[in-house]
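Structure record follows, encoded as structure tokens.
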Amino acid sequence: MKILIVEDEPKTGDYLRQGLTEAGFVVDLAREGLDGLHLATTGDYDLLVLDVMLPQMDGWAVLQALRLAGREMPVLFLTARDQVEDRVRGLELGADDYLVKPFAYSELLARVRSLLRRGKTKEPEVLACADLELDLLRRRATRAGVRIDLTAKEFALLELLLRRRGEVLPRSLIASQVWDMNFDSDTNVIEVAVRRLRAKVDDPFEPKLIRTVRGMGYMLDADVSR
């Protein structure tokens with residue numbers, strides 16, 4: 001698999017190139033918008049990792065020109081601004097996913113692999129299970145039509161559970177994906193977070209969706225109960 005990174009910040013660009021190369025990908029790096037567009041339109045890439053703020057030509061313009069040229073490779077946007085308008089604009093221009101800086105490398109790698117598996121399939125805007133819905137664009141959770149206020153970590157935890165619906169997720173995986181840390185058996189941060197999430201998502205509703213699998217981890221599914 002061949003990936004093009006367009007990123008003008010030297011440390012970030014080099015870090016991404018090294019990490020993705022070590023993960024087994026063939027990686028090219030461009031540091032300016034025009035150079036990135038030239039490579040993207042003339043090269044044979046499976047994925048474009050594109051920063052928004054670039055010299056010469058910003059990421060919006062690069063993406064728009066790329067789609068007008070008929071290039072349909074998946075595009076993962078990197079943006080320093082977590083604004084709904086920015087995410088909507090990118091998706092409307094033809095982006096397949098976005099990641100807000102600063103980000104955990106583990107999450108970037110997971111999104112890269114997911115985009116490569118899906119090919120041209122678009123990222124869903126809403127994740128759902130039973131009457132629970134998670135709107136990824138608006139960063140909004142509802143259950144049975146009732147708005148649920150979540151912290152950033154609670155949202156990330158619920159998103160992970162919904163994306164991996166029906167799978168038992170070990171605490172070590174949750175720690176790395178949501179907290180970007182190695183799991184320490186002496187800490188109860190994950191148990192506390194799950195308990196708080198249940199209080200908002202499960203306790204006032206039926207059926208119960210979040211299940212503890214003793215000695216293994218947690219899972220979310222409409223067909224099981226705690």
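A note on labels: chains of the structure tokens are A, B, ... as shown, every chain counts residues from 1, and ligands are counted from 1 in their shown order.
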Can you pull out the residues contacting segment 204-220 of chain A? Cut-off 7 Å, using only C-alpha atoms, and skip same-chain residues under 2 positions away; I want them as a ChimeraX atom specification. /A:161-162,165-171,198,202,222,224-226
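Proximity ranking of A:Val201, A:Leu63, A:Gly70, A:Leu158 relative to Ala144 of chain A places A:Val201 first, based on only C-alpha atoms.
Closest approach to Lys101 of chain A among A:Thr12, A:Cys129, A:Gly19, A:Ser114 is made by A:Thr12 (distances from only C-alpha atoms).
Between atom CA of Asp97 of chain A and atom CA of Phe77 of chain A the interatomic distance comes to 6.2 Å.
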Excluding same-chain residues fewer than 3 positions from Glu133 of chain A, what lies within 12 Å of it counting only C-alpha atoms, as number ranges by chain? A: 124-130, 136, 138-148, 155, 158-159, 162-163, 201
Can you list every residue in segment 64-125 of chain A that DSSP puts in strand (DSSP E or B), as a compact mmCIF listing (two decimals) with N, CA and C atoms, in the first residue's frame?
```
# COMPACT_ATOMS: atom_id res chain seq x y z
N VAL A 75 -9.10 10.15 1.36
CA VAL A 75 -8.35 11.28 1.92
C VAL A 75 -8.65 11.39 3.41
N LEU A 76 -7.60 11.40 4.21
CA LEU A 76 -7.70 11.63 5.65
C LEU A 76 -7.19 13.04 5.93
N PHE A 77 -8.09 13.91 6.39
CA PHE A 77 -7.73 15.29 6.69
C PHE A 77 -7.14 15.40 8.09
N LEU A 78 -6.07 16.18 8.22
CA LEU A 78 -5.51 16.55 9.52
C LEU A 78 -5.80 18.03 9.74
N THR A 79 -6.46 18.36 10.85
CA THR A 79 -6.80 19.75 11.10
C THR A 79 -6.53 20.09 12.56
N ASP A 97 -12.35 11.06 5.88
CA ASP A 97 -12.26 11.05 7.34
C ASP A 97 -11.44 12.26 7.76
N TYR A 98 -11.43 12.55 9.06
CA TYR A 98 -10.66 13.67 9.57
C TYR A 98 -10.09 13.29 10.93
N LEU A 99 -9.03 13.97 11.31
CA LEU A 99 -8.39 13.75 12.59
C LEU A 99 -7.91 15.09 13.10
N VAL A 100 -8.27 15.41 14.35
CA VAL A 100 -7.94 16.70 14.93
C VAL A 100 -6.60 16.62 15.65
```
